[in-house]
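This report concerns only the one structure given below.
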Amino acid sequence: MARIRLDNLAHTYMTYPRDDRDFALKPMNVEWEDGGAYALLGASGCGKTTLLNIISGLRAPSQGRVIFGDTDVTECPTAERNIAQVFQFPVVYDTMTVRQNLAFPLRNRGMDPTRIRNRVQQIAKVIGMEAELDRKARGLTADAKQKISLGRGMVREDVNAILFDEPLTVIDPQMKWELRTQLRRLHQEFGHTMIYVTHDQTEALTFADKVAVMFEGRIAQLGTPEELFRKPQHTFVGYFIGSPGMNLFEAEVDGRQARIGPHVIPLAADYGRPEGRVQIGIRPEFTRIAASGGIPVDILRIEDVGRHVVLRARHGGVAVNAILSEEDTLAEGATHAVFDPAEIGVFVDGWRRDPVEGASA
Amino acid sequence: MLELDGIELVLDGQTFLSRTDLVLERGTLNVLLGPTLAGKTSLMRVMAGLDVPTRGEIRWNGKRVNGDRVQSRDVAMVYQQFINYPAMTVYDNIASPLRIKGRPAAEIDRKTRAVAELMKLTPLLDRRPQNLSGGQQQRCALARALVKEAGLVLLDEPLANLDYKLREELREEMPRIFEQSGAIFVYATTEPEEALLLNGNTATMWQGRVTQFGRSTQVYRNPVDVTTARVFSDPPFNFWQVEKRGNRIVFGEGQSFATTAPMAALPDGPYQAGFRAAHLELHQHRAGAVAFTCRLIVTEITGSETFLHLEHGADRWVGVVHGVHDLAPESLMSVWLDPAHCYLFGPEGGLCATAAYAMRN
Amino acid sequence: MRKVQNNGAWLLVLPVFLLVAFSAVIPLMTVVNYAFNDSFGENEFFWNGFDWFKEVIDSDRIRGALWRQFLFSAIVLLIEIPLGIAIALTLPKRGFWASLVLVLLAMPLVIPWNVVGTIWQVFARGDIGLLGVVITSFWADFNIGRDPLSAWIVVVMMDVWHWTSLVVLLAYAGLQAIPEAYYQAGRIDQASRWAIFRFIELPKLKGVLLIAVLLRFMDSFMIYTEPFVVTGGGPGQATTFLSIDLVKTALGQFDLGPAAAFSLMYFLVVLLMSWVFYTVMTAMDVEGGTQ
């Protein structure tokens, strides 16, 4: 197991990149602690798979270094990096039994057979496949095969890191809950460093202690799920995390107030007078619909999603969403969206602006 | 109107559909919800005429259509994979069904452009499918299905291969698109939340059988049996064993709560009690809430919510609570449930008493 | 699966059906006719029952040819299939070199049989053929006209040269279809090159190998032109395979009855063997799935 450090790492697919835009991954410095659970979250084409391939050694970066522990592994091939990887589609050795599949990485390293036996038994127990150990892997269901892949990733005790490349893509929703719990338990039990790549925010947020949200080849924010939700550093994070994403409005900010057109919105702190493109953002979870205050909206639709209700509205041309609880009823004549001042974020040219020091008291 | 009357489908001695009755009205959106292999695709194939049912009758507007060939039926279909003609532009792709029907050129042009506008494809009309993103490709496939103006449009997990955020956006557009067409839409999905968001009817499927059919919210809040409750629940539905004695529901070692209105008239005896993850609470919000002592296995924090994976005796439960709660795993803790959120199912799994709160909605 | 069909479409098959009937079914019927009758020309036929079949089965000459035929097919399969896979494994995966090598490999496949035979006839001559000269330099007895072993070596080499490319192309296509993730997983598991072949590549190649084995078996079992041109079936009977023998019987001796019975049995043997290969290989597949 090891700490993973990316030192001034960047990658381009072009031979002669001219500027920033030609880089699939813009220069970045990242440090992942030993034994942590991390996620790389982003839409297709944001560079997350390139980054994963660089970490696993399937691709060499154009510049910068990859460091495991104290060793520079930038030039090492995959086999020497001592990592495990779980792929999007279950990769199992069809002609082998489940037991042989799990034992395969250990046998290749010439481990003592009794130790292999014990370790395989232990892993089979954790992934809940003790009963199927002597079945052929072919003909198992997709989720059983994916459990084998997970197990094969866990079976080696000495791996530097386990990488996951959208491992739950082919799994039914109900089964996802089971596999996710197992993953968490495996992490608690064995303490491997884990890096999980996905486009699915629920998977990323529930899996990881810290999530890196990627956007156009850079890490827009690396933070805990709570930080990403409460204090997104970039409007993209605000939009990308949460379902629906953050409500964003073009506004003028002056001290402790923001103005959306003629409407004055109180803020919880003093933000000074930021220049540039100023926006304020508020999560639908902290938006209420009331008879007055805030900004007037046209209510378009109310979506009952079961455990809560999503209210979709518009203010001018801008979408305003609010999340209400399952048993809330919309009061008669409620046509204004009201925001919780403590949860409003101020963004300048896309990036979050902190309140002015000392002025908030 | 599409009527399925006692449909059964047996191929090579394997039962794909067992006795299914379903009536779908014009201008409705009907979701087939169930896990992989529940029979969603089989049912769609029967509706499309790709498979002939072994028994039973299919009627389209009152006329029996068993065995009519697919080409002569009024059907359009969209698949999970993005299927477009690779050599044609988006415009030609959309126009293709009309050209096959031999419509006049002016009409083809008008309709193609109208549908492209609806699907937000107007700027992309001259591109070829391989130069589009996944979401755009699937929009193109949807447009081709819509332009045909078929009476029956079948969508087989159309969003399954898209990124989370793209899925969210297209999902939001779907109801609007459906409303503008008078066709019968049938939409297969594995995700309960998608079924609710689409805001129509839902048929829950399990092992080749439709277990319940009705308004999505109605099926969600009043499942007729344990199977339906399980299928239509993400996070999973929670269950435990109870016994009714007079006006008390008794369980565990002498714990009990008072019967709710729907439970009052039930005969005494053993029942299976159930509730949804979102109704579990960390504090006693309401007088009369029942306390459970559970072992916490794992918590998952999304930033806005916390998922609790619990063991209650031998039962595995999942709870969803608002906010961030960093609780120590493998610890004992108390959780609360308002009896108004509790359902009772009989020993065979049928619903005996719905949750009191569901009667109010 | 039961499907709704447009029955009118069957009409489109009619021309092909007639063509096949004319080119295959009617001649086959003629053969059947000859096999069960005796004729002295003039279109007069006498019922002869199974006598021709008995004669063919009892013939030592034909038994010898059958045995040689099996030996030949077995040797050819044992060389070509592993060799084909081995070559496919070493080919570049993509790019200019991949295309070039594939084109070069495909060359022998487009050369007509009798040309191949002629090439090798000349190639193997001890006086002017390159191969013949080279071999004679360390093995003086090499002579395809006199030494059966020499003749066999050349005939087998010729077939390997002519047809291994087919196996290579099939195996290459099969290898290309294996998702990259499998190789990555193999590398991550530190699997040896042999383990990657044994547990990833070979299982995924099973389908195309079945086709390769079937095609190569049928073809090699029916081989005629090339050995006929190179050795004429000799020396003695050493390379007289079934079809060479058949032609000798039918045209050389004009024994139409036995030749027809022979043809029918020949046909049935090929069919039977193909069925056996197919069943055995698919059964291996199913067994893997249900175990």
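Residue numbering restarts at 1 for every chain of the structure tokens, chains are lettered A, B, ... in their displayed order, and ligands are numbered from 1 as they appear.
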Shell around C:Met222 at 10 Å using only C-alpha atoms, local window under 5 positions removed, as a ChimeraX atom specification
/C:69,73,216-217,241-244,266-267,270
Taking only C-alpha atoms into account, which residues of chain B are within 12 Å of chain C, as an mmCIF file with C-alpha atoms, in the first residue's frame?
data_model
loop_
_atom_site.group_PDB
_atom_site.id
_atom_site.type_symbol
_atom_site.label_atom_id
_atom_site.label_comp_id
_atom_site.auth_asym_id
_atom_site.auth_seq_id
_atom_site.Cartn_x
_atom_site.Cartn_y
_atom_site.Cartn_z
ATOM 1 C CA LEU B 9 -44.351 -16.493 -24.221
ATOM 2 C CA VAL B 10 -42.503 -19.795 -24.120
ATOM 3 C CA LEU B 11 -39.472 -20.295 -26.326
ATOM 4 C CA ASP B 12 -37.580 -23.597 -26.409
ATOM 5 C CA GLY B 13 -39.340 -24.739 -23.246
ATOM 6 C CA GLN B 14 -38.240 -21.640 -21.363
ATOM 7 C CA PHE B 16 -40.198 -15.670 -20.832
ATOM 8 C CA SER B 42 -39.684 -9.934 -24.074
ATOM 9 C CA ARG B 45 -40.837 -7.768 -28.476
ATOM 10 C CA VAL B 46 -44.325 -9.216 -28.224
ATOM 11 C CA ALA B 48 -43.734 -4.951 -31.486
ATOM 12 C CA GLY B 49 -44.606 -8.240 -33.144
ATOM 13 C CA LEU B 50 -41.017 -9.474 -33.166
ATOM 14 C CA ASP B 51 -42.143 -12.490 -31.150
ATOM 15 C CA VAL B 52 -45.499 -14.213 -31.468
ATOM 16 C CA PRO B 53 -47.009 -15.026 -28.062
ATOM 17 C CA THR B 54 -47.430 -18.731 -27.321
ATOM 18 C CA VAL B 65 -52.832 -8.509 -34.423
ATOM 19 C CA ASN B 66 -51.155 -11.743 -33.258
ATOM 20 C CA GLY B 67 -48.790 -12.882 -35.972
ATOM 21 C CA ASP B 68 -49.100 -9.740 -38.086
ATOM 22 C CA ARG B 69 -45.707 -8.937 -39.452
ATOM 23 C CA VAL B 70 -43.651 -6.196 -37.855
ATOM 24 C CA GLN B 71 -43.421 -4.069 -40.993
ATOM 25 C CA SER B 72 -47.183 -3.678 -41.256
ATOM 26 C CA ARG B 73 -47.558 -2.657 -37.629
#
Near-B:Ala258 list (10 Å; only C-alpha atoms; drop same-chain fewer than 2 positions) as a list in words
Lys244, Arg245, Gly246, Asn247, Arg248, Ile249, Val250, Ser256, Thr260, Ala261, Met263, Ala264, Gly288, Ala289, Val290 and Pro339 of chain B
Save out the residues we just selected, N, CA and C atoms, as a PDB file, in the first residue's frame.
ATOM      1  N   LYS B 244     -49.705  -9.218  14.894  1.00  0.00           N
ATOM      2  CA  LYS B 244     -50.759  -8.325  15.351  1.00  0.00           C
ATOM      3  C   LYS B 244     -51.488  -8.988  16.512  1.00  0.00           C
ATOM      4  N   ARG B 245     -51.586  -8.270  17.647  1.00  0.00           N
ATOM      5  CA  ARG B 245     -52.353  -8.762  18.790  1.00  0.00           C
ATOM      6  C   ARG B 245     -53.275  -7.631  19.222  1.00  0.00           C
ATOM      7  N   GLY B 246     -54.553  -7.806  18.898  1.00  0.00           N
ATOM      8  CA  GLY B 246     -55.516  -6.759  19.241  1.00  0.00           C
ATOM      9  C   GLY B 246     -55.171  -5.472  18.536  1.00  0.00           C
ATOM     10  N   ASN B 247     -55.025  -4.405  19.278  1.00  0.00           N
ATOM     11  CA  ASN B 247     -54.719  -3.128  18.638  1.00  0.00           C
ATOM     12  C   ASN B 247     -53.238  -2.767  18.731  1.00  0.00           C
ATOM     13  N   ARG B 248     -52.384  -3.794  18.971  1.00  0.00           N
ATOM     14  CA  ARG B 248     -50.940  -3.553  18.989  1.00  0.00           C
ATOM     15  C   ARG B 248     -50.256  -4.412  17.921  1.00  0.00           C
ATOM     16  N   ILE B 249     -49.177  -3.877  17.375  1.00  0.00           N
ATOM     17  CA  ILE B 249     -48.294  -4.663  16.499  1.00  0.00           C
ATOM     18  C   ILE B 249     -47.062  -4.972  17.320  1.00  0.00           C
ATOM     19  N   VAL B 250     -46.815  -6.268  17.542  1.00  0.00           N
ATOM     20  CA  VAL B 250     -45.772  -6.686  18.465  1.00  0.00           C
ATOM     21  C   VAL B 250     -44.618  -7.294  17.687  1.00  0.00           C
ATOM     22  N   SER B 256     -43.542  -2.975  20.752  1.00  0.00           N
ATOM     23  CA  SER B 256     -44.825  -2.902  20.054  1.00  0.00           C
ATOM     24  C   SER B 256     -45.176  -1.464  19.709  1.00  0.00           C
ATOM     25  N   THR B 260     -52.222   1.348  13.013  1.00  0.00           N
ATOM     26  CA  THR B 260     -52.704   2.525  12.298  1.00  0.00           C
ATOM     27  C   THR B 260     -54.078   2.195  11.725  1.00  0.00           C
ATOM     28  N   ALA B 261     -54.739   3.198  11.172  1.00  0.00           N
ATOM     29  CA  ALA B 261     -56.107   2.997  10.681  1.00  0.00           C
ATOM     30  C   ALA B 261     -56.211   1.820   9.698  1.00  0.00           C
ATOM     31  N   MET B 263     -54.506  -0.818   9.486  1.00  0.00           N
ATOM     32  CA  MET B 263     -54.184  -2.104  10.104  1.00  0.00           C
ATOM     33  C   MET B 263     -55.269  -2.571  11.059  1.00  0.00           C
ATOM     34  N   ALA B 264     -56.109  -1.623  11.510  1.00  0.00           N
ATOM     35  CA  ALA B 264     -57.022  -1.891  12.628  1.00  0.00           C
ATOM     36  C   ALA B 264     -57.904  -3.109  12.394  1.00  0.00           C
ATOM     37  N   GLY B 288     -44.963   8.697  19.195  1.00  0.00           N
ATOM     38  CA  GLY B 288     -45.499   7.455  18.649  1.00  0.00           C
ATOM     39  C   GLY B 288     -44.561   6.782  17.685  1.00  0.00           C
ATOM     40  N   ALA B 289     -43.417   7.428  17.349  1.00  0.00           N
ATOM     41  CA  ALA B 289     -42.447   6.769  16.485  1.00  0.00           C
ATOM     42  C   ALA B 289     -41.845   5.586  17.211  1.00  0.00           C
ATOM     43  N   VAL B 290     -41.583   4.520  16.480  1.00  0.00           N
ATOM     44  CA  VAL B 290     -41.064   3.304  17.081  1.00  0.00           C
ATOM     45  C   VAL B 290     -39.547   3.331  17.018  1.00  0.00           C
ATOM     46  N   PRO B 339     -45.051   4.851  12.593  1.00  0.00           N
ATOM     47  CA  PRO B 339     -45.911   3.737  12.140  1.00  0.00           C
ATOM     48  C   PRO B 339     -46.769   4.105  10.931  1.00  0.00           C
TER      49      PRO B 339
END
DSSP strand (DSSP E or B) residues within stretch 32-165 of chain B, as a compact mmCIF listing (two decimals) with N, CA and C atoms, in the first residue's frame:
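Okay, this is what ended up in selection21.txt:
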# COMPACT_ATOMS: atom_id res chain seq x y z
N LEU B 32 -42.15 0.04 -18.04
CA LEU B 32 -41.97 -1.34 -17.58
C LEU B 32 -40.75 -1.31 -16.67
N LEU B 33 -40.99 -1.55 -15.39
CA LEU B 33 -39.92 -1.44 -14.41
C LEU B 33 -39.58 -2.81 -13.85
N ARG B 55 -49.45 -18.10 -26.15
CA ARG B 55 -50.88 -18.09 -25.85
C ARG B 55 -51.33 -16.65 -25.68
N GLY B 56 -52.62 -16.42 -25.74
CA GLY B 56 -53.16 -15.09 -25.50
C GLY B 56 -53.34 -14.30 -26.78
N GLU B 57 -53.89 -13.10 -26.61
CA GLU B 57 -54.24 -12.30 -27.77
C GLU B 57 -53.73 -10.88 -27.59
N ILE B 58 -53.21 -10.30 -28.68
CA ILE B 58 -52.85 -8.88 -28.66
C ILE B 58 -53.84 -8.17 -29.55
N ARG B 59 -54.43 -7.10 -29.04
CA ARG B 59 -55.36 -6.32 -29.86
C ARG B 59 -54.88 -4.89 -29.96
N TRP B 60 -54.90 -4.37 -31.18
CA TRP B 60 -54.51 -2.99 -31.44
C TRP B 60 -55.77 -2.29 -31.91
N LYS B 63 -58.55 -4.70 -32.71
CA LYS B 63 -58.35 -5.71 -33.76
C LYS B 63 -57.20 -6.64 -33.37
N ARG B 64 -57.42 -7.94 -33.52
CA ARG B 64 -56.40 -8.91 -33.16
C ARG B 64 -55.22 -8.80 -34.11
N VAL B 75 -45.44 0.68 -35.39
CA VAL B 75 -44.54 0.61 -34.25
C VAL B 75 -43.21 1.29 -34.54
N ALA B 76 -42.66 1.97 -33.54
CA ALA B 76 -41.29 2.47 -33.63
C ALA B 76 -40.55 1.99 -32.38
N MET B 77 -39.25 1.79 -32.50
CA MET B 77 -38.50 1.25 -31.36
C MET B 77 -37.15 1.95 -31.21
N VAL B 78 -36.76 2.18 -29.96
CA VAL B 78 -35.45 2.77 -29.67
C VAL B 78 -34.76 1.84 -28.68
N LEU B 152 -47.44 3.30 -31.62
CA LEU B 152 -46.82 2.64 -30.47
C LEU B 152 -45.32 2.87 -30.56
N VAL B 153 -44.75 3.54 -29.55
CA VAL B 153 -43.32 3.78 -29.53
C VAL B 153 -42.72 3.01 -28.36
N LEU B 154 -41.78 2.12 -28.67
CA LEU B 154 -41.17 1.28 -27.64
C LEU B 154 -39.75 1.76 -27.38
N LEU B 155 -39.44 2.03 -26.12
CA LEU B 155 -38.11 2.53 -25.75
C LEU B 155 -37.50 1.56 -24.75
N ASP B 156 -36.45 0.86 -25.18
CA ASP B 156 -35.87 -0.17 -24.33
C ASP B 156 -34.63 0.39 -23.62
Taking only C-alpha atoms into account, find every residue of chain C that has an atom no more than 12 Å from chain A, and write it out as a PyMOL selection string.
chain C and resi 178-204+206+284-291
Near A:Gln63, counting only C-alpha atoms, which residues have an atom at most 9 Å away, once you skip same-chain residues fewer than 5 positions from it, shown as a PDB file with C-alpha atoms, in the first residue's frame?
ATOM      1  CA  ASN A   8       3.094  18.357 -12.247  1.00  0.00           C
ATOM      2  CA  LEU A   9       1.419  15.726 -14.360  1.00  0.00           C
ATOM      3  CA  ALA A  10      -0.040  16.543 -17.780  1.00  0.00           C
ATOM      4  CA  HIS A  11      -0.917  14.677 -20.901  1.00  0.00           C
ATOM      5  CA  THR A  12      -1.548  15.474 -24.513  1.00  0.00           C
ATOM      6  CA  PRO A  27      -0.865  20.146 -15.416  1.00  0.00           C
TER       7      PRO A  27
END
